[in-house]
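> Right, I'll just put the structure down here and ask away after.
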Amino acid sequence: MSGFKNFLLRGNLVEIAVGFIMATAFGAVVTALVALILAVIGKAGGQPNFDKWQPGHLPVGVFITALVSFLILGAAVYFLVVVPYTKAKERFFPSEPEGMPADIALLQEIRDLLKAQQSAGSTGGTPTV
């Protein structure tokens, strides 16, 4: 029974469950946003649903409706998730400036100090640190 308890309380499982619940809720919001934008398009330029349009008896309208919905969905996800996430990531976790990483710079400084000690020791002087 303790193994099952450990499985349920494992951090990754809880994080995945929370992510799944949030994604489901966000999916409903984005779907409603797409429906709202399609309704606005419908008010501005007529019916936004092209499903019944079949030139040459080919279901081209279904494809166009799906394409418009996909583009709206992509724009909503990009502007409501990707852009704010990228800005927040840059603000709270800034990338390291271009150049040498701090650990490499520290190692090079240690190397230079050791070289200075060795050269001072070989000339008979006192090493300075």
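Every chain in the structure tokens takes a letter, A first, then B, and so on in the order presented; its residues are numbered from 1, and the ligands are numbered from 1 following the presented order.
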Residues at most 12 Å from Leu38 of chain A, counting only C-alpha atoms, excluding those fewer than 6 positions away in the same chain, as a compact mmCIF listing (two decimals) with all heavy atoms, in the first residue's frame?

# COMPACT_ATOMS: atom_id res chain seq x y z
N THR A 31 -11.39 27.62 -27.38
CA THR A 31 -12.49 27.22 -28.26
C THR A 31 -13.60 28.27 -28.24
O THR A 31 -14.15 28.63 -29.29
CB THR A 31 -13.05 25.85 -27.83
OG1 THR A 31 -11.99 24.89 -27.88
CG2 THR A 31 -14.18 25.40 -28.72
N ALA A 32 -13.91 28.79 -27.06
CA ALA A 32 -14.92 29.85 -26.96
C ALA A 32 -14.45 31.12 -27.66
O ALA A 32 -15.25 31.82 -28.31
CB ALA A 32 -15.24 30.13 -25.50
N ALA A 44 -19.64 40.80 -39.46
CA ALA A 44 -19.02 41.77 -40.37
C ALA A 44 -19.21 41.40 -41.84
O ALA A 44 -19.46 42.25 -42.67
CB ALA A 44 -17.54 41.91 -40.05
N GLY A 45 -19.06 40.14 -42.15
CA GLY A 45 -19.06 39.78 -43.56
C GLY A 45 -19.98 38.65 -43.95
O GLY A 45 -19.79 37.99 -44.95
N GLY A 46 -20.97 38.37 -43.16
CA GLY A 46 -21.86 37.27 -43.48
C GLY A 46 -21.53 36.04 -42.66
O GLY A 46 -20.80 36.11 -41.68
N GLN A 47 -22.07 34.94 -43.05
CA GLN A 47 -21.92 33.70 -42.29
C GLN A 47 -20.46 33.23 -42.26
O GLN A 47 -19.85 33.05 -43.31
CB GLN A 47 -22.80 32.62 -42.91
CG GLN A 47 -22.80 31.33 -42.14
CD GLN A 47 -23.72 30.30 -42.77
OE1 GLN A 47 -24.28 30.54 -43.81
NE2 GLN A 47 -23.85 29.17 -42.12
N PRO A 48 -19.87 32.99 -41.06
CA PRO A 48 -18.48 32.57 -40.99
C PRO A 48 -18.29 31.09 -41.24
O PRO A 48 -17.17 30.61 -41.32
CB PRO A 48 -18.08 32.92 -39.56
CG PRO A 48 -19.33 32.74 -38.79
CD PRO A 48 -20.43 33.18 -39.73
N ASN A 49 -19.36 30.35 -41.35
CA ASN A 49 -19.28 28.91 -41.56
C ASN A 49 -19.42 28.63 -43.05
O ASN A 49 -20.47 28.85 -43.64
CB ASN A 49 -20.39 28.21 -40.77
CG ASN A 49 -20.23 26.71 -40.78
OD1 ASN A 49 -19.55 26.15 -41.63
ND2 ASN A 49 -20.87 26.06 -39.83
N PHE A 50 -18.36 28.13 -43.64
CA PHE A 50 -18.36 27.87 -45.09
C PHE A 50 -18.63 26.41 -45.41
O PHE A 50 -18.42 25.97 -46.52
CB PHE A 50 -16.98 28.25 -45.67
CG PHE A 50 -16.57 29.66 -45.37
CD1 PHE A 50 -15.65 29.92 -44.37
CD2 PHE A 50 -17.11 30.71 -46.08
CE1 PHE A 50 -15.27 31.22 -44.09
CE2 PHE A 50 -16.73 32.01 -45.80
CZ PHE A 50 -15.81 32.27 -44.80
N THR A 65 -13.46 26.47 -43.51
CA THR A 65 -13.88 26.71 -42.13
C THR A 65 -12.84 26.17 -41.15
O THR A 65 -12.48 26.85 -40.18
CB THR A 65 -15.24 26.05 -41.86
OG1 THR A 65 -16.21 26.60 -42.76
CG2 THR A 65 -15.69 26.29 -40.43
N ALA A 66 -12.34 24.98 -41.40
CA ALA A 66 -11.32 24.40 -40.52
C ALA A 66 -10.04 25.23 -40.57
O ALA A 66 -9.39 25.43 -39.53
CB ALA A 66 -11.04 22.97 -40.93
N LEU A 67 -9.66 25.73 -41.73
CA LEU A 67 -8.45 26.53 -41.87
C LEU A 67 -8.58 27.85 -41.12
O LEU A 67 -7.65 28.26 -40.40
CB LEU A 67 -8.15 26.78 -43.36
CG LEU A 67 -6.90 27.57 -43.68
CD1 LEU A 67 -5.66 26.79 -43.22
CD2 LEU A 67 -6.82 27.85 -45.18
N VAL A 68 -9.72 28.52 -41.26
CA VAL A 68 -9.94 29.78 -40.55
C VAL A 68 -9.92 29.53 -39.04
O VAL A 68 -9.30 30.29 -38.28
CB VAL A 68 -11.26 30.44 -41.01
CG1 VAL A 68 -11.64 31.61 -40.10
CG2 VAL A 68 -11.14 30.92 -42.44
N SER A 69 -10.57 28.47 -38.59
CA SER A 69 -10.58 28.14 -37.17
C SER A 69 -9.16 27.85 -36.68
O SER A 69 -8.77 28.28 -35.58
CB SER A 69 -11.46 26.92 -36.90
OG SER A 69 -12.80 27.22 -37.18
N PHE A 70 -8.38 27.13 -37.47
CA PHE A 70 -7.00 26.82 -37.10
C PHE A 70 -6.17 28.09 -36.98
O PHE A 70 -5.38 28.23 -36.04
CB PHE A 70 -6.38 25.87 -38.13
CG PHE A 70 -4.93 25.61 -37.90
CD1 PHE A 70 -4.51 24.76 -36.89
CD2 PHE A 70 -3.97 26.23 -38.68
CE1 PHE A 70 -3.17 24.53 -36.66
CE2 PHE A 70 -2.62 26.01 -38.47
CZ PHE A 70 -2.22 25.16 -37.46
N LEU A 71 -6.31 29.01 -37.93
CA LEU A 71 -5.54 30.25 -37.89
C LEU A 71 -5.92 31.10 -36.67
O LEU A 71 -5.04 31.67 -36.01
CB LEU A 71 -5.74 31.04 -39.18
CG LEU A 71 -5.14 30.41 -40.43
CD1 LEU A 71 -5.52 31.20 -41.68
CD2 LEU A 71 -3.63 30.28 -40.31
N ILE A 72 -7.20 31.15 -36.35
CA ILE A 72 -7.63 31.90 -35.17
C ILE A 72 -7.11 31.23 -33.91
O ILE A 72 -6.61 31.89 -33.00
CB ILE A 72 -9.17 32.02 -35.14
CG1 ILE A 72 -9.64 32.91 -36.30
CG2 ILE A 72 -9.64 32.59 -33.81
CD1 ILE A 72 -11.15 32.89 -36.50
N LEU A 73 -7.19 29.92 -33.86
CA LEU A 73 -6.69 29.17 -32.71
C LEU A 73 -5.19 29.38 -32.54
O LEU A 73 -4.71 29.63 -31.43
CB LEU A 73 -6.99 27.68 -32.89
CG LEU A 73 -6.52 26.76 -31.78
CD1 LEU A 73 -7.46 26.88 -30.60
CD2 LEU A 73 -6.47 25.34 -32.26
> Find the residues of segment 32-111 of chain A that sit at most 12 Å from segment 10-28 of chain A; for each, write down the nearest two atoms and how far apart they are in Å, to one decimal. Count only C-alpha atoms. Sort by chain, then by number going up, and give it as JSON lines.

{"residue": "A:Ala32", "atom": "CA", "partner": "A:Ala28", "partner_atom": "CA", "distance": 6.2}
{"residue": "A:Leu33", "atom": "CA", "partner": "A:Ala28", "partner_atom": "CA", "distance": 8.6}
{"residue": "A:Val34", "atom": "CA", "partner": "A:Ala28", "partner_atom": "CA", "distance": 9.9}
{"residue": "A:Ala35", "atom": "CA", "partner": "A:Ala28", "partner_atom": "CA", "distance": 10.6}
{"residue": "A:Leu73", "atom": "CA", "partner": "A:Gly27", "partner_atom": "CA", "distance": 9.7}
{"residue": "A:Gly74", "atom": "CA", "partner": "A:Gly27", "partner_atom": "CA", "distance": 11.9}
{"residue": "A:Ala76", "atom": "CA", "partner": "A:Gly27", "partner_atom": "CA", "distance": 10.7}
{"residue": "A:Val77", "atom": "CA", "partner": "A:Phe26", "partner_atom": "CA", "distance": 9.6}
{"residue": "A:Leu80", "atom": "CA", "partner": "A:Phe26", "partner_atom": "CA", "distance": 10.3}
{"residue": "A:Val81", "atom": "CA", "partner": "A:Phe26", "partner_atom": "CA", "distance": 10.0}
> Between atom CA of Val30 of chain A and atom CA of Lys43 of chain A, measure the distance and give it in Å to one decimal.
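These atoms are spaced 19.8 Å apart.
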> Tell me, which residues of chain A carry DSSP helix (DSSP H, G or I), written as number ranges by chain?
A: 2-9, 11-45, 55-57, 60-92, 102-122
> Just how far from atom CA of Val60 of chain A is atom CA of Phe79 of chain A, in Å to one decimal?
28.6 Å
